[in-house]
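As stored in my_file28.cif (mmCIF, C-alpha atoms):
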```
data_target
#
loop_
_atom_site.label_atom_id
_atom_site.label_comp_id
_atom_site.auth_asym_id
_atom_site.auth_seq_id
_atom_site.Cartn_x
_atom_site.Cartn_y
_atom_site.Cartn_z
CA MET Q 193 0.00 0.00 0.00
CA SER Q 194 1.25 3.44 -0.92
CA GLU Q 195 0.70 6.56 1.13
CA THR Q 196 1.17 10.21 0.29
CA PHE Q 197 3.99 11.89 2.20
CA SER Q 198 4.70 15.56 2.65
CA VAL Q 199 8.43 16.13 2.28
CA ASP Q 200 10.39 19.34 2.91
CA VAL Q 201 13.63 20.17 1.14
CA ARG Q 202 15.65 22.95 2.73
CA ILE Q 203 18.24 24.34 0.32
CA THR Q 204 20.89 26.77 1.52
CA PRO Q 205 23.89 28.35 -0.17
CA ARG Q 206 27.07 26.50 0.79
CA GLY Q 207 29.46 28.22 3.15
CA GLY Q 208 31.74 30.58 1.26
CA ILE Q 209 29.34 30.95 -1.67
CA LEU Q 210 28.23 34.54 -2.26
CA ASP Q 211 24.61 35.16 -1.35
CA PRO Q 212 23.50 38.52 -2.78
CA GLN Q 213 19.88 38.01 -1.71
CA GLY Q 214 20.87 37.39 1.90
CA GLU Q 215 23.20 40.39 1.86
CA THR Q 216 20.42 42.59 0.50
CA ILE Q 217 18.07 41.51 3.29
CA ALA Q 218 20.80 42.14 5.89
CA ARG Q 219 21.44 45.63 4.55
CA ALA Q 220 17.73 46.47 4.42
CA LEU Q 221 17.27 45.29 8.01
CA GLY Q 222 20.09 47.60 9.08
CA ASN Q 223 18.48 50.51 7.22
CA LEU Q 224 15.21 49.80 9.03
CA GLY Q 225 16.99 50.08 12.37
CA TYR Q 226 17.30 46.41 13.31
CA GLU Q 227 20.49 45.83 15.25
CA GLY Q 228 22.41 42.74 16.22
CA VAL Q 229 21.98 40.87 12.92
CA SER Q 230 25.33 39.30 12.10
CA SER Q 231 24.38 37.10 9.15
CA VAL Q 232 21.50 36.50 6.75
CA ARG Q 233 21.55 33.59 4.32
CA ALA Q 234 18.74 33.19 1.82
CA GLY Q 235 17.83 29.74 0.58
CA ARG Q 236 14.87 27.88 -0.78
CA LEU Q 237 12.24 25.64 0.68
CA VAL Q 238 10.54 23.10 -1.59
CA ARG Q 239 7.58 21.16 -0.22
CA ILE Q 240 6.68 18.02 -2.16
CA GLU Q 241 3.74 15.67 -1.81
CA ILE Q 242 4.69 12.28 -3.11
CA GLU Q 243 3.19 8.82 -3.11
CA ALA Q 244 5.54 6.17 -1.77
CA LYS Q 245 5.50 2.82 -0.02
CA SER Q 246 7.21 4.15 3.11
CA ALA Q 247 8.74 7.27 4.62
CA ASP Q 248 12.20 5.90 3.79
CA ALA Q 249 11.19 5.39 0.16
CA ALA Q 250 9.81 8.96 -0.02
CA GLN Q 251 13.02 10.29 1.51
CA SER Q 252 15.33 8.57 -0.96
CA GLU Q 253 13.15 9.43 -3.96
CA VAL Q 254 13.23 13.13 -3.03
CA GLU Q 255 17.00 12.95 -2.46
CA ARG Q 256 17.36 11.67 -6.03
CA MET Q 257 15.21 14.57 -7.25
CA CYS Q 258 17.48 17.01 -5.42
CA GLU Q 259 20.62 15.61 -7.02
CA GLU Q 260 19.09 15.56 -10.47
CA LEU Q 261 16.97 18.72 -10.53
CA ILE Q 262 15.94 20.62 -7.44
CA ALA Q 263 19.27 21.60 -5.88
CA ASN Q 264 22.60 22.56 -7.35
CA PRO Q 265 25.02 20.52 -5.22
CA THR Q 266 27.99 22.54 -6.45
CA ILE Q 267 26.82 25.68 -4.68
CA GLU Q 268 23.96 24.53 -2.45
CA ASP Q 269 23.50 22.22 0.52
CA TYR Q 270 20.18 20.52 0.98
CA VAL Q 271 18.39 18.63 3.73
CA VAL Q 272 15.42 16.37 3.01
CA ARG Q 273 12.92 15.71 5.77
CA VAL Q 274 9.71 13.68 5.57
CA ARG Q 275 7.19 15.66 7.63
CA ASP Q 276 4.11 13.46 7.73
CA THR Q 277 1.57 11.62 5.69
CA VAL Q 278 -1.15 13.53 3.89
CA GLY Q 279 -4.78 12.58 4.44
CA GLN Q 280 -6.31 11.12 1.30
CA MET V 42 23.98 38.99 28.71
CA SER V 43 23.19 38.66 25.03
CA GLU V 44 23.74 35.55 22.99
CA THR V 45 23.73 34.97 19.26
CA PHE V 46 20.86 32.83 18.03
CA SER V 47 20.44 31.09 14.71
CA VAL V 48 16.86 31.57 13.53
CA ASP V 49 15.14 29.95 10.56
CA VAL V 50 12.26 31.56 8.69
CA ARG V 51 10.30 29.23 6.44
CA ILE V 52 8.21 31.16 3.92
CA THR V 53 5.65 29.37 1.75
CA PRO V 54 3.05 30.60 -0.73
CA ARG V 55 -0.38 30.71 0.91
CA GLY V 56 -2.90 28.11 -0.14
CA GLY V 57 -4.67 29.17 -3.34
CA ILE V 58 -1.87 31.50 -4.41
CA LEU V 59 -0.37 30.59 -7.78
CA ASP V 60 3.14 29.17 -7.53
CA PRO V 61 4.74 29.10 -10.99
CA GLN V 62 8.13 28.01 -9.63
CA GLY V 63 6.59 25.00 -7.89
CA GLU V 64 4.59 24.12 -10.98
CA THR V 65 7.70 24.28 -13.12
CA ILE V 66 9.55 21.91 -10.79
CA ALA V 67 6.56 19.52 -10.79
CA ARG V 68 6.43 19.50 -14.59
CA ALA V 69 10.19 18.97 -14.89
CA LEU V 70 10.04 16.05 -12.43
CA GLY V 71 7.32 14.47 -14.56
CA ASN V 72 9.42 14.93 -17.70
CA LEU V 73 12.34 13.22 -15.93
CA GLY V 74 10.15 10.20 -15.21
CA TYR V 75 9.38 10.75 -11.54
CA GLU V 76 5.91 9.48 -10.73
CA GLY V 77 3.61 9.94 -7.79
CA VAL V 78 4.31 13.64 -7.21
CA SER V 79 0.96 15.30 -6.53
CA SER V 80 2.11 18.76 -5.44
CA VAL V 81 5.23 20.93 -5.38
CA ARG V 82 5.24 24.28 -3.58
CA ALA V 83 8.32 26.47 -3.75
CA GLY V 84 9.07 28.85 -0.91
CA ARG V 85 12.00 30.53 0.72
CA LEU V 86 14.20 29.78 3.67
CA VAL V 87 15.95 32.67 5.40
CA ARG V 88 18.52 31.88 8.11
CA ILE V 89 19.37 34.78 10.40
CA GLU V 90 22.01 35.08 13.10
CA ILE V 91 20.93 37.65 15.63
CA GLU V 92 22.09 38.83 19.01
CA ALA V 93 19.33 38.81 21.63
CA LYS V 94 18.83 38.45 25.36
CA SER V 95 16.83 35.22 25.05
CA ALA V 96 15.41 32.79 22.51
CA ASP V 97 11.99 34.41 22.99
CA ALA V 98 13.42 37.85 22.27
CA ALA V 99 15.14 36.53 19.11
CA GLN V 100 11.88 34.90 18.01
CA SER V 101 9.77 38.05 18.37
CA GLU V 102 12.41 40.28 16.78
CA VAL V 103 12.56 38.04 13.71
CA GLU V 104 8.75 37.91 13.56
CA ARG V 105 8.76 41.71 13.38
CA MET V 106 11.32 41.55 10.58
CA CYS V 107 9.06 39.16 8.68
CA GLU V 108 6.04 41.44 8.96
CA GLU V 109 8.04 44.48 7.95
CA LEU V 110 10.42 43.17 5.32
CA ILE V 111 11.19 39.50 4.83
CA ALA V 112 7.79 38.00 4.03
CA ASN V 113 4.78 39.31 2.16
CA PRO V 114 1.93 38.34 4.48
CA THR V 115 -0.65 38.98 1.77
CA ILE V 116 0.56 36.05 -0.30
CA GLU V 117 2.96 34.16 1.97
CA ASP V 118 2.80 32.28 5.24
CA TYR V 119 5.86 32.17 7.42
CA VAL V 120 7.07 30.20 10.40
CA VAL V 121 9.89 31.44 12.62
CA ARG V 122 11.92 28.92 14.58
CA VAL V 123 14.91 29.58 16.81
CA ARG V 124 17.33 26.73 16.11
CA ASP V 125 20.14 27.18 18.58
CA THR V 126 22.76 29.53 19.88
CA VAL V 127 25.84 30.21 17.83
CA GLY V 128 29.29 29.75 19.38
CA GLN V 129 31.09 33.07 19.82
#
```
Give the structure from this file in structure tokens form.
Amino acid sequence: MSETFSVDVRITPRGGILDPQGETIARALGNLGYEGVSSVRAGRLVRIEIEAKSADAAQSEVERMCEELIANPTIEDYVVRVRDTVGQ
Amino acid sequence: MSETFSVDVRITPRGGILDPQGETIARALGNLGYEGVSSVRAGRLVRIEIEAKSADAAQSEVERMCEELIANPTIEDYVVRVRDTVGQ
């Protein structure tokens, strides 16, 4: 029996990779008067609903998708996490 | 005494809001032969390091930043989560 799983992929720029979007947010926060912000990194969050036989199967399928399409492993790190099953 | 906290903001398109980036990923996954994907939603992940007196203070400061700058509450939902303190 297959179930539908909700899976989150958190994609962040690798350490040392320039992140102009994060720098822009950091600068804007400073201009707005926010203090104490030492770093802002901007990444992506992709939420996938996928049918699979188990949580482990959903996890490894989404990891394959990340390698092949969703993330750019040269400049991005990603973490895949199965959140829960989705009610049919 | 202040500490530096690492705070994650997960920003997702609200239900019913069009998400062309998510739809593009879904279509590309289908073209690559992945089956069983019923939904892809693409959002943003912003990771902030901020000095604050407590985890609660860091949380509410970042929530203010979201309302004012980081998220667009008209079309996006956001969740703020303090992850941990950052070694000095």
**Fill in**
Using only C-alpha atoms, the best pick from V:Ala83, V:Asp49, V:Glu102, V:Glu44 as closest to Gln62 of chain V would be V:Ala83
**Request:** Just give me the gap between atom CA of Val103 of chain V and atom CA of Arg88 of chain V in Å, one decimal is fine.
**Result:**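 Between these atoms lies a distance of 10.2 Å.
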**8 Å contacts from chain Q to chain V using all atoms listed in the file, as JSON, numbers by chain** = {"Q": [202, 203, 204, 214, 217, 221, 228, 229, 230, 231, 232, 233, 234, 235, 236, 237, 238, 239, 240, 241, 242, 243, 244, 257, 261, 262]}
**Message:** So the first atom is atom CA of Thr65 of chain V and the second is atom CA of Asp248 of chain Q; what is the distance between them in Å, to one decimal place?
**Reply:**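 That distance, rounded to one decimal, is 25.4 Å.
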**Request:** Please write as a PyMOL selection string the full residue list that the PyMOL selection byres ((chain Q and resi 267) around 9) yields on this file.
**Result:** chain Q and resi 204-207+209+263-266+268-269
**Message:** Using Å and a single decimal, report how far atom CA of Asp60 of chain V sits from atom CA of Val123 of chain V.
**Reply:**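 About the pair atom CA of Val123 of chain V and atom CA of Asp60 of chain V: they are 27.0 Å apart.
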